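start14.pdb (PDB, C-alpha atoms and all ligand atoms) appears below.
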MODEL        1
ATOM      1  CA  MET A 197      60.923  -0.565   4.731
ATOM      2  CA  ALA A 198      62.328   2.834   5.693
ATOM      3  CA  LEU A 199      60.525   5.349   7.873
ATOM      4  CA  PRO A 200      58.932   8.230   5.962
ATOM      5  CA  THR A 201      61.297  11.173   6.445
ATOM      6  CA  THR A 202      58.364  13.266   7.595
ATOM      7  CA  THR A 203      57.731  11.084  10.670
ATOM      8  CA  ARG A 204      58.197  13.179  13.806
ATOM      9  CA  LEU A 205      59.515  11.279  16.808
ATOM     10  CA  GLY A 206      58.854  12.331  20.395
ATOM     11  CA  PHE A 207      60.512  11.104  23.582
ATOM     12  CA  ILE A 208      58.956  11.404  27.030
ATOM     13  CA  GLY A 209      61.956  10.860  29.316
ATOM     14  CA  THR A 210      65.391  11.967  28.128
ATOM     15  CA  GLY A 211      67.592   9.503  29.962
ATOM     16  CA  THR A 212      70.009   6.727  29.049
ATOM     17  CA  ILE A 213      67.909   4.832  26.526
ATOM     18  CA  THR A 214      66.545   7.930  24.785
ATOM     19  CA  GLU A 215      70.079   9.235  24.393
ATOM     20  CA  ALA A 216      71.145   5.910  22.862
ATOM     21  CA  ILE A 217      68.205   5.819  20.413
ATOM     22  CA  VAL A 218      68.510   9.453  19.330
ATOM     23  CA  THR A 219      72.292   9.134  18.935
ATOM     24  CA  GLY A 220      71.740   6.050  16.766
ATOM     25  CA  ILE A 221      69.104   7.738  14.604
ATOM     26  CA  LEU A 222      71.242  10.822  14.038
ATOM     27  CA  SER A 223      74.270   8.789  12.980
ATOM     28  CA  GLY A 224      72.235   6.548  10.665
ATOM     29  CA  GLU A 225      71.830   6.547   6.908
ATOM     30  CA  GLN A 226      68.196   7.579   7.056
ATOM     31  CA  PRO A 227      67.757  11.331   6.976
ATOM     32  CA  ALA A 228      66.920  12.406  10.507
ATOM     33  CA  SER A 229      63.266  13.015  11.100
ATOM     34  CA  GLU A 230      62.247  15.759  13.486
ATOM     35  CA  ILE A 231      62.946  14.595  17.041
ATOM     36  CA  VAL A 232      61.359  16.222  20.072
ATOM     37  CA  VAL A 233      62.669  15.353  23.527
ATOM     38  CA  SER A 234      61.201  16.184  26.929
ATOM     39  CA  PRO A 235      63.083  18.856  28.906
ATOM     40  CA  ARG A 236      63.892  16.960  32.133
ATOM     41  CA  SER A 237      67.486  15.769  32.345
ATOM     42  CA  ALA A 238      68.317  19.140  30.848
ATOM     43  CA  ALA A 239      71.977  18.271  30.288
ATOM     44  CA  THR A 240      71.097  15.194  28.172
ATOM     45  CA  ALA A 241      68.415  17.112  26.276
ATOM     46  CA  ALA A 242      70.880  19.926  25.534
ATOM     47  CA  ARG A 243      73.548  17.414  24.437
ATOM     48  CA  LEU A 244      71.116  15.799  21.991
ATOM     49  CA  ALA A 245      69.893  19.158  20.684
ATOM     50  CA  ALA A 246      73.517  20.146  20.043
ATOM     51  CA  LEU A 247      73.961  17.090  17.796
ATOM     52  CA  SER A 248      71.504  18.216  15.132
ATOM     53  CA  ASP A 249      69.112  20.994  14.182
ATOM     54  CA  SER A 250      66.422  18.343  13.844
ATOM     55  CA  VAL A 251      66.398  17.754  17.625
ATOM     56  CA  LEU A 252      64.160  20.108  19.584
ATOM     57  CA  VAL A 253      63.784  20.312  23.349
ATOM     58  CA  ALA A 254      60.086  20.526  24.191
ATOM     59  CA  ARG A 255      58.586  22.904  26.736
ATOM     60  CA  ASP A 256      56.982  20.000  28.603
ATOM     61  CA  ASN A 257      55.695  16.468  28.120
ATOM     62  CA  GLN A 258      52.452  17.584  26.450
ATOM     63  CA  HIS A 259      54.467  19.561  23.910
ATOM     64  CA  VAL A 260      56.228  16.304  22.955
ATOM     65  CA  VAL A 261      52.904  14.561  22.375
ATOM     66  CA  ASP A 262      51.493  17.479  20.398
ATOM     67  CA  ALA A 263      54.572  17.770  18.187
ATOM     68  CA  ALA A 264      55.152  14.088  17.374
ATOM     69  CA  ASP A 265      53.577  11.267  15.344
ATOM     70  CA  VAL A 266      55.417   8.489  17.194
ATOM     71  CA  ILE A 267      55.864   8.930  20.943
ATOM     72  CA  PHE A 268      58.311   6.878  22.974
ATOM     73  CA  LEU A 269      57.598   6.397  26.653
ATOM     74  CA  ALA A 270      61.115   6.250  28.085
ATOM     75  CA  ILE A 271      60.442   6.976  31.726
ATOM     76  CA  ARG A 272      60.920   4.754  34.739
ATOM     77  CA  PRO A 273      58.058   2.469  35.789
ATOM     78  CA  ASN A 274      57.410   4.288  39.091
ATOM     79  CA  VAL A 275      56.428   7.565  37.359
ATOM     80  CA  THR A 276      54.752   6.096  34.272
ATOM     81  CA  GLU A 277      51.151   6.181  35.499
ATOM     82  CA  GLU A 278      51.376   9.762  36.722
ATOM     83  CA  VAL A 279      53.133  10.956  33.544
ATOM     84  CA  VAL A 280      50.912   9.103  31.051
ATOM     85  CA  ARG A 281      47.588   9.908  32.725
ATOM     86  CA  ALA A 282      48.418  13.625  32.595
ATOM     87  CA  LEU A 283      48.872  13.607  28.803
ATOM     88  CA  ARG A 284      46.317  14.177  26.031
ATOM     89  CA  PHE A 285      47.022  11.900  23.069
ATOM     90  CA  ARG A 286      45.480  12.057  19.578
ATOM     91  CA  GLU A 287      43.528   9.189  18.107
ATOM     92  CA  GLY A 288      45.747   7.142  15.797
ATOM     93  CA  GLN A 289      49.053   8.343  17.254
ATOM     94  CA  GLN A 290      51.699   5.712  17.662
ATOM     95  CA  VAL A 291      52.935   5.116  21.198
ATOM     96  CA  VAL A 292      56.007   2.957  21.761
ATOM     97  CA  SER A 293      56.438   2.029  25.391
ATOM     98  CA  LEU A 294      59.937   1.094  26.507
ATOM     99  CA  VAL A 295      58.796   0.653  30.104
ATOM    100  CA  ALA A 296      59.607  -2.973  30.767
ATOM    101  CA  THR A 297      57.209  -3.625  33.601
ATOM    102  CA  VAL A 298      53.882  -2.126  32.454
ATOM    103  CA  ASP A 299      51.705  -4.265  30.201
ATOM    104  CA  HIS A 300      49.587  -3.234  27.185
ATOM    105  CA  GLU A 301      46.295  -3.445  29.038
ATOM    106  CA  THR A 302      47.457  -1.137  31.835
ATOM    107  CA  LEU A 303      48.928   1.361  29.373
ATOM    108  CA  ARG A 304      45.697   1.404  27.367
ATOM    109  CA  ASP A 305      43.847   2.196  30.557
ATOM    110  CA  TRP A 306      46.170   5.141  31.273
ATOM    111  CA  ILE A 307      46.250   6.528  27.702
ATOM    112  CA  ASP A 308      43.209   8.680  27.011
ATOM    113  CA  ALA A 309      42.813   8.014  23.250
ATOM    114  CA  PRO A 310      42.764   4.986  20.926
ATOM    115  CA  VAL A 311      46.415   4.932  19.869
ATOM    116  CA  ASP A 312      48.584   2.338  18.114
ATOM    117  CA  LEU A 313      50.400   0.869  21.082
ATOM    118  CA  VAL A 314      53.606  -1.129  20.717
ATOM    119  CA  ARG A 315      56.058  -2.260  23.359
ATOM    120  CA  ALA A 316      59.761  -2.548  22.645
ATOM    121  CA  VAL A 317      62.944  -3.363  24.540
ATOM    122  CA  PRO A 318      65.818  -1.515  22.890
ATOM    123  CA  LEU A 319      69.282  -2.038  24.327
ATOM    124  CA  PRO A 320      72.013   0.610  24.657
ATOM    125  CA  PHE A 321      73.826  -0.779  21.571
ATOM    126  CA  VAL A 322      71.240   0.986  19.367
ATOM    127  CA  ALA A 323      73.541   4.020  19.735
ATOM    128  CA  TRP A 324      76.017   2.354  17.329
ATOM    129  CA  HIS A 325      73.443   0.381  15.316
ATOM    130  CA  GLY A 326      74.226  -2.871  17.126
ATOM    131  CA  GLY A 327      70.968  -3.127  19.068
ATOM    132  CA  VAL A 328      68.684  -6.135  18.943
ATOM    133  CA  THR A 329      65.191  -4.890  19.803
ATOM    134  CA  VAL A 330      62.187  -7.048  20.641
ATOM    135  CA  ILE A 331      58.825  -5.583  19.613
ATOM    136  CA  PHE A 332      55.253  -6.601  20.338
ATOM    137  CA  PRO A 333      52.959  -6.581  18.506
ATOM    138  CA  PRO A 334      54.773  -6.533  15.158
ATOM    139  CA  ASP A 335      54.513  -3.084  13.602
ATOM    140  CA  PRO A 336      56.115  -1.903  10.327
ATOM    141  CA  THR A 337      56.921   1.639  11.525
ATOM    142  CA  VAL A 338      58.564   0.530  14.755
ATOM    143  CA  GLU A 339      60.356  -2.329  13.003
ATOM    144  CA  ALA A 340      61.767   0.080  10.392
ATOM    145  CA  LEU A 341      62.992   2.346  13.126
ATOM    146  CA  PHE A 342      64.798  -0.330  15.082
ATOM    147  CA  THR A 343      66.066  -2.118  11.967
ATOM    148  CA  ALA A 344      67.963   1.092  11.219
ATOM    149  CA  LEU A 345      69.518   0.779  14.701
ATOM    150  CA  GLY A 346      70.532  -2.886  14.444
ATOM    151  CA  THR A 347      68.070  -5.761  14.310
ATOM    152  CA  ALA A 348      64.354  -5.607  15.043
ATOM    153  CA  VAL A 349      62.787  -8.779  16.447
ATOM    154  CA  PRO A 350      58.995  -8.657  16.060
ATOM    155  CA  CYS A 351      57.354 -11.163  18.425
ATOM    156  CA  ASN A 352      54.211 -13.075  17.553
ATOM    157  CA  SER A 353      52.968 -13.341  21.117
ATOM    158  CA  ILE A 354      53.354 -11.525  24.404
ATOM    159  CA  GLU A 355      54.784 -14.741  25.863
ATOM    160  CA  GLU A 356      57.636 -14.643  23.352
ATOM    161  CA  PHE A 357      58.193 -10.914  24.026
ATOM    162  CA  ASP A 358      58.338 -11.511  27.790
ATOM    163  CA  LEU A 359      60.717 -14.455  27.400
ATOM    164  CA  LEU A 360      63.160 -12.608  25.136
ATOM    165  CA  ALA A 361      62.966  -9.518  27.351
ATOM    166  CA  THR A 362      63.811 -11.757  30.304
ATOM    167  CA  SER A 363      66.899 -13.089  28.569
ATOM    168  CA  SER A 364      68.024  -9.514  27.819
ATOM    169  CA  ALA A 365      68.361  -9.045  31.577
ATOM    170  CA  LEU A 366      71.531 -11.141  31.334
ATOM    171  CA  MET A 367      73.616  -8.110  30.362
ATOM    172  CA  GLY A 368      74.679  -7.394  33.926
ATOM    173  CA  SER A 369      75.426 -11.075  34.488
ATOM    174  CA  TYR A 370      77.614 -11.145  31.389
ATOM    175  CA  PHE A 371      79.828  -8.371  32.734
ATOM    176  CA  GLY A 372      79.573  -9.899  36.195
ATOM    177  CA  MET A 373      80.930 -13.187  34.856
ATOM    178  CA  LEU A 374      83.775 -11.486  33.007
ATOM    179  CA  ASP A 375      84.552  -9.460  36.106
ATOM    180  CA  HIS A 376      84.554 -12.612  38.225
ATOM    181  CA  VAL A 377      87.022 -14.344  35.901
ATOM    182  CA  VAL A 378      89.224 -11.248  35.720
ATOM    183  CA  GLY A 379      89.128 -11.037  39.545
ATOM    184  CA  TRP A 380      90.112 -14.689  39.802
ATOM    185  CA  LEU A 381      93.025 -14.195  37.391
ATOM    186  CA  GLN A 382      94.083 -11.090  39.289
ATOM    187  CA  GLY A 383      93.968 -13.022  42.557
ATOM    188  CA  LYS A 384      96.405 -15.500  40.995
ATOM    189  CA  GLY A 385      98.770 -12.702  39.981
ATOM    190  CA  VAL A 386      97.727 -11.632  36.467
ATOM    191  CA  PRO A 387      97.411  -7.822  36.233
ATOM    192  CA  ALA A 388      93.746  -6.847  35.852
ATOM    193  CA  GLU A 389      94.360  -4.996  32.550
ATOM    194  CA  SER A 390      96.096  -8.023  31.014
ATOM    195  CA  ALA A 391      93.322 -10.321  32.252
ATOM    196  CA  ARG A 392      90.622  -8.132  30.751
ATOM    197  CA  ALA A 393      92.565  -7.606  27.521
ATOM    198  CA  TYR A 394      92.651 -11.390  27.150
ATOM    199  CA  ILE A 395      89.123 -12.314  28.253
ATOM    200  CA  ALA A 396      87.097  -9.599  26.481
ATOM    201  CA  PRO A 397      88.203 -10.454  22.903
ATOM    202  CA  LEU A 398      87.892 -14.175  23.686
ATOM    203  CA  PHE A 399      84.216 -13.719  24.626
ATOM    204  CA  ALA A 400      83.668 -11.354  21.688
ATOM    205  CA  SER A 401      85.012 -13.993  19.285
ATOM    206  CA  LEU A 402      82.776 -16.668  20.815
ATOM    207  CA  SER A 403      79.739 -14.420  20.280
ATOM    208  CA  THR A 404      80.845 -13.832  16.698
ATOM    209  CA  VAL A 405      80.987 -17.591  16.111
ATOM    210  CA  ALA A 406      77.484 -18.061  17.582
ATOM    211  CA  LEU A 407      76.188 -15.201  15.428
ATOM    212  CA  ASN A 408      77.868 -16.244  12.171
ATOM    213  CA  THR A 409      77.012 -19.944  12.258
ATOM    214  CA  PRO A 410      73.228 -20.064  12.856
ATOM    215  CA  SER A 411      73.006 -23.446  11.129
ATOM    216  CA  ARG A 412      75.121 -25.094  13.844
ATOM    217  CA  SER A 413      73.426 -25.762  17.166
ATOM    218  CA  LEU A 414      75.000 -24.218  20.250
ATOM    219  CA  GLU A 415      75.454 -27.698  21.635
ATOM    220  CA  ALA A 416      77.404 -28.646  18.500
ATOM    221  CA  LEU A 417      79.560 -25.533  18.941
ATOM    222  CA  ARG A 418      80.166 -26.450  22.577
ATOM    223  CA  HIS A 419      81.428 -29.858  21.481
ATOM    224  CA  GLU A 420      83.438 -28.356  18.628
ATOM    225  CA  TYR A 421      85.158 -25.960  21.038
ATOM    226  CA  SER A 422      85.732 -28.671  23.672
ATOM    227  CA  THR A 423      88.343 -31.314  22.925
ATOM    228  CA  LYS A 424      87.175 -34.723  24.158
ATOM    229  CA  GLY A 425      88.672 -35.163  27.617
ATOM    230  CA  GLY A 426      90.201 -31.672  27.388
ATOM    231  CA  LEU A 427      90.082 -28.550  29.524
ATOM    232  CA  ASN A 428      86.984 -26.963  27.971
ATOM    233  CA  GLU A 429      84.996 -30.147  28.427
ATOM    234  CA  GLN A 430      86.117 -30.331  32.055
ATOM    235  CA  MET A 431      85.219 -26.657  32.654
ATOM    236  CA  PHE A 432      81.599 -27.013  31.457
ATOM    237  CA  SER A 433      81.150 -30.336  33.187
ATOM    238  CA  GLU A 434      82.373 -28.836  36.488
ATOM    239  CA  PHE A 435      80.273 -25.703  35.953
ATOM    240  CA  ARG A 436      77.152 -27.819  35.418
ATOM    241  CA  SER A 437      77.759 -30.326  38.204
ATOM    242  CA  ARG A 438      78.519 -27.513  40.697
ATOM    243  CA  GLY A 439      75.100 -25.962  39.986
ATOM    244  CA  GLY A 440      76.099 -23.308  37.405
ATOM    245  CA  THR A 441      73.410 -24.131  34.833
ATOM    246  CA  GLU A 442      70.817 -24.688  37.548
ATOM    247  CA  ALA A 443      71.587 -21.265  39.033
ATOM    248  CA  LEU A 444      71.188 -19.704  35.588
ATOM    249  CA  THR A 445      67.804 -21.363  35.044
ATOM    250  CA  GLY A 446      66.692 -20.284  38.518
ATOM    251  CA  ALA A 447      67.667 -16.669  37.837
ATOM    252  CA  LEU A 448      65.866 -16.690  34.447
ATOM    253  CA  GLU A 449      62.688 -18.106  36.038
ATOM    254  CA  SER A 450      62.817 -15.554  38.819
ATOM    255  CA  VAL A 451      63.160 -12.599  36.404
ATOM    256  CA  LEU A 452      60.441 -14.055  34.136
ATOM    257  CA  GLU A 453      58.104 -14.229  37.114
ATOM    258  CA  ARG A 454      58.720 -10.522  37.779
ATOM    259  CA  VAL A 455      58.250  -9.632  34.095
ATOM    260  CA  ARG A 456      54.929 -11.505  34.036
ATOM    261  CA  SER A 457      53.647 -10.216  37.355
ATOM    262  CA  ARG A 458      52.599  -6.770  36.106
TER     263      ARG A 458
HETATM  264  N1  LIG B   1      68.558   1.834  29.893
HETATM  265  C1  LIG B   1      68.253   0.772  29.153
HETATM  266  O1  LIG B   1      69.117   0.050  28.642
HETATM  267  C2  LIG B   1      66.806   0.439  28.863
HETATM  268  C3  LIG B   1      66.525  -0.517  27.890
HETATM  269  C4  LIG B   1      65.193  -0.811  27.581
HETATM  270  C5  LIG B   1      64.170  -0.192  28.280
HETATM  271  N2  LIG B   1      64.468   0.718  29.248
HETATM  272  C6  LIG B   1      63.350   1.339  29.957
HETATM  273  O2  LIG B   1      63.264   2.684  29.541
HETATM  274  C7  LIG B   1      62.839   3.487  30.636
HETATM  275  C8  LIG B   1      63.887   4.575  30.862
HETATM  276  O3  LIG B   1      65.103   3.974  31.214
HETATM  277  P1  LIG B   1      66.464   4.797  31.287
HETATM  278  O4  LIG B   1      67.526   3.817  31.562
HETATM  279  O5  LIG B   1      66.581   5.698  30.106
HETATM  280  O6  LIG B   1      66.166   5.656  32.613
HETATM  281  P2  LIG B   1      66.803   7.018  33.079
HETATM  282  O7  LIG B   1      68.169   7.184  32.503
HETATM  283  O8  LIG B   1      66.613   7.128  34.547
HETATM  284  O9  LIG B   1      65.870   8.094  32.367
HETATM  285  C9  LIG B   1      64.568   8.350  32.802
HETATM  286  C10 LIG B   1      64.226   9.762  32.354
HETATM  287  O10 LIG B   1      62.890  10.065  32.741
HETATM  288  C11 LIG B   1      62.903  11.401  33.209
HETATM  289  N3  LIG B   1      61.719  11.687  34.001
HETATM  290  C12 LIG B   1      61.475  11.428  35.302
HETATM  291  N4  LIG B   1      60.268  11.900  35.636
HETATM  292  C13 LIG B   1      59.758  12.473  34.509
HETATM  293  C14 LIG B   1      58.565  13.146  34.214
HETATM  294  N5  LIG B   1      57.619  13.357  35.143
HETATM  295  N6  LIG B   1      58.378  13.611  32.961
HETATM  296  C15 LIG B   1      59.315  13.425  32.005
HETATM  297  N7  LIG B   1      60.480  12.804  32.219
HETATM  298  C16 LIG B   1      60.687  12.340  33.462
HETATM  299  C17 LIG B   1      64.188  11.507  33.974
HETATM  300  O11 LIG B   1      64.489  12.854  34.232
HETATM  301  P3  LIG B   1      65.316  13.263  35.567
HETATM  302  O12 LIG B   1      66.696  12.724  35.346
HETATM  303  O13 LIG B   1      65.253  14.751  35.550
HETATM  304  O14 LIG B   1      64.611  12.624  36.724
HETATM  305  C18 LIG B   1      65.115  10.846  32.965
HETATM  306  O15 LIG B   1      65.443  11.746  31.934
HETATM  307  C19 LIG B   1      62.662   2.563  31.840
HETATM  308  O16 LIG B   1      61.319   2.225  31.987
HETATM  309  C20 LIG B   1      63.503   1.362  31.457
HETATM  310  O17 LIG B   1      62.997   0.169  32.022
HETATM  311  C21 LIG B   1      65.757   1.063  29.538
ENDMDL
END

Can the structure from this file be put into structure tokens for me?
Amino acid sequence: MALPTTTRLGFIGTGTITEAIVTGILSGEQPASEIVVSPRSAATAARLAALSDSVLVARDNQHVVDAADVIFLAIRPNVTEEVVRALRFREGQQVVSLVATVDHETLRDWIDAPVDLVRAVPLPFVAWHGGVTVIFPPDPTVEALFTALGTAVPCNSIEEFDLLATSSALMGSYFGMLDHVVGWLQGKGVPAESARAYIAPLFASLSTVALNTPSRSLEALRHEYSTKGGLNEQMFSEFRSRGGTEALTGALESVLERVRSR
């Protein structure tokens, strides 16, 4: 289902994730709806407004709410209560909160009207339509929007939403792991650029295999890509026995605890 072209989108908070979403929408196949962004981060707002006539920079946050049908809360958690409590919403408006650490109940308490409230975790890849976005509760408008920017993943429970959001916090670790391997190679004498030029496509190809063969379990792929008694088998076995998998589980549990503690 595509979004009606008349849907007006508003963004409270014009930072990194708003820039990614708006950039993705404007470069998509769907005709751009009217997009209203809040004026703080003036440079980002001006950059987005320069991309298309359909992007307007609002006078203030209330102007965004007044001018839009779907309002994205894209501000940091520490200012969310103050910002949201100061706004006057209309009954039936759609509010999409991207604030990872504020739950539905708390948001409903802060929002002064009965609105359709959805939470979503878009990732920066939405800018080039490669984002995978978890949504709760499922909602056709929000799903259509994020489907146009990659893949929308509607969750059937808040537990599922929290768990998938937790796993999305592995992005930094992914680059951290690549960086660690590149650093190790560099320490052994391989130039950093050559190390990165080798490792990055290798990991990209592995992700492509995992993505393109959903019928094969990841364990089966691990075996398929590890010759019996070979180097890959040794690497994972060492990684596991030296506490690698345990450390990963511990980090996931720790982040999940934080996600659930709001
Ligand atoms: N970045 C991601 O990949 C990502 C992904 C999913 C969810 N999120 C969530 O989305 C939210 C925004 O993240 P971000 O990375 O885009 O943060 P960010 O780059 O720091 O952007 C936050 C924006 O909020 C603005 N702001 C601060 N106080 C405001 C106020 N009173 N009224 C209106 N705008 C105000 C900031 O303006 P100034 O610069 O002028 O202070 C800035 O434009 C966070 O809750 C984050 O957890 C982020």

Review point. From the list A:Val275, A:Val232, A:Ala254, A:Ala388, which residue is nearest ligand LIG 1 (chain B) when using only C-alpha atoms and all ligand atoms?
Key: A:Val275

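Between CA of Val451 (chain A) and CA of Ala416 (chain A) there is a distance of 27.9 Å.
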
Practice item. Expand the PyMOL selection byres (((not hetatm)) within 7 of (chain B and resi 1)) into the individual residues it matches in the shown file, reporting them as a PyMOL selection string. Key: chain A and resi 208-214+234+236-237+257+270-273+275+279+294-296+317-320

**Study point:** Selection under test: the PyMOL selection byres (((chain A and resi 229) around 12) and not hetatm); residues as a PyMOL selection string
**Key:** chain A and resi 198-206+218+221-228+230-232+248-252+264-266+341

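Against this structure, the PyMOL selection byres (((chain A and resi 365) around 12) and not hetatm) ends up with A:Ala296, A:Val317, A:Pro318, A:Leu319, A:Asp358, A:Leu359, A:Leu360, A:Ala361, A:Thr362, A:Ser363, A:Ser364, A:Leu366, A:Met367, A:Gly368, A:Ser369, A:Tyr370, A:Phe371, A:Leu444, A:Ala447, A:Leu448, A:Glu449, A:Ser450, A:Val451, A:Leu452, A:Arg454, A:Val455.
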
Exercise for review: Considering all atoms listed in the file, state which residue in the set A:Val298, A:Val260, A:Val291, A:Ala393 is at the smallest distance from Thr276 (chain A).
Suggested key: A:Val298

Check your understanding: How many Å separate CA of Gly372 (chain A) from CA of Arg412 (chain A)?
Key -> 27.4 Å

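Omitting Leu374 (chain A) and its sequence neighbours fewer than 4 positions away, and counting all atoms listed in the file, the residues within 9 Å are Ser369, Tyr370, Val378, Gly379, Arg392, Ile395, Ala396 and Phe399 of chain A.
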
Exercise for review: Identify, on the basis of all atoms listed in the file, every residue whose closest approach to Thr347 (chain A) does not exceed 12 Å; exclude the query and any residue fewer than 4 positions from it along the same chain; express the result as an MDAnalysis selection string.
Suggested key: chainID A and resid 317:319 321:322 324:331 338:343

**Study point:** Of the listed residues A:Tyr394, A:Pro334, A:Gln289, A:Gly383, that which approaches Val349 (chain A) most closely, counting all atoms listed in the file
**Key:** A:Pro334

Mind giving me the axis-aligned box for region 307-325 of chain A with 8 Å on every side, centre plus edges in Å to one decimal, as AutoDock Vina command-line options?
--center_x 59.4 --center_y 2.7 --center_z 21.5 --size_x 49.3 --size_y 28.0 --size_z 28.4

Revision key, fill the gap. Taken to one decimal, the CA of Trp380 (chain A)-CA of Tyr421 (chain A) distance is 22.4 Å

Practice item. May I have the protein, DNA and RNA residues with any atom at most 6 Å from the point (57.5, -6.0, 21.2), counting all atoms listed in the file, written as a list in words? Key: Arg315, Ala316, Val330, Ile331, Phe332, Pro333, Pro350, Cys351 and Phe357 of chain A

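Across A:Ala263, A:Ala246, A:Ser293, A:Trp306, the tightest approach to Val280 (chain A) is made by A:Trp306 when counting only C-alpha atoms.
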
Please, could N, CA and C atoms be added to region 432-451 of chain A and the result written as a compact mmCIF listing (two decimals), in the frame of the given file?
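selection.txt was written with the following content:
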# COMPACT_ATOMS: atom_id res chain seq x y z
N PHE A 432 83.06 -27.05 31.51
CA PHE A 432 81.60 -27.01 31.46
C PHE A 432 80.99 -28.09 32.34
N SER A 433 81.64 -29.24 32.36
CA SER A 433 81.15 -30.34 33.19
C SER A 433 81.17 -29.94 34.67
N GLU A 434 82.27 -29.31 35.10
CA GLU A 434 82.37 -28.84 36.49
C GLU A 434 81.34 -27.74 36.77
N PHE A 435 81.21 -26.82 35.81
CA PHE A 435 80.27 -25.70 35.95
C PHE A 435 78.86 -26.25 36.15
N ARG A 436 78.50 -27.25 35.33
CA ARG A 436 77.15 -27.82 35.42
C ARG A 436 76.97 -28.60 36.71
N SER A 437 77.95 -29.46 37.03
CA SER A 437 77.76 -30.33 38.20
C SER A 437 77.83 -29.53 39.51
N ARG A 438 78.46 -28.35 39.49
CA ARG A 438 78.52 -27.51 40.70
C ARG A 438 77.32 -26.55 40.77
N GLY A 439 76.35 -26.75 39.89
CA GLY A 439 75.10 -25.96 39.99
C GLY A 439 75.06 -24.72 39.12
N GLY A 440 76.06 -24.52 38.24
CA GLY A 440 76.10 -23.31 37.40
C GLY A 440 74.88 -23.17 36.51
N THR A 441 74.54 -24.22 35.77
CA THR A 441 73.41 -24.13 34.83
C THR A 441 72.09 -24.03 35.60
N GLU A 442 72.04 -24.74 36.73
CA GLU A 442 70.82 -24.69 37.55
C GLU A 442 70.60 -23.28 38.09
N ALA A 443 71.69 -22.64 38.51
CA ALA A 443 71.59 -21.26 39.03
C ALA A 443 71.11 -20.32 37.94
N LEU A 444 71.59 -20.55 36.72
CA LEU A 444 71.19 -19.70 35.59
C LEU A 444 69.70 -19.87 35.30
N THR A 445 69.23 -21.11 35.28
CA THR A 445 67.80 -21.36 35.04
C THR A 445 66.97 -20.71 36.15
N GLY A 446 67.42 -20.86 37.39
CA GLY A 446 66.69 -20.28 38.52
C GLY A 446 66.59 -18.77 38.39
N ALA A 447 67.68 -18.13 37.98
CA ALA A 447 67.67 -16.67 37.84
C ALA A 447 66.73 -16.26 36.70
N LEU A 448 66.76 -16.99 35.58
CA LEU A 448 65.87 -16.69 34.45
C LEU A 448 64.40 -16.81 34.88
N GLU A 449 64.08 -17.89 35.59
CA GLU A 449 62.69 -18.11 36.04
C GLU A 449 62.24 -16.99 36.99
N SER A 450 63.16 -16.58 37.85
CA SER A 450 62.82 -15.55 38.82
C SER A 450 62.54 -14.22 38.12
N VAL A 451 63.37 -13.86 37.14
CA VAL A 451 63.16 -12.60 36.40
C VAL A 451 61.89 -12.70 35.55
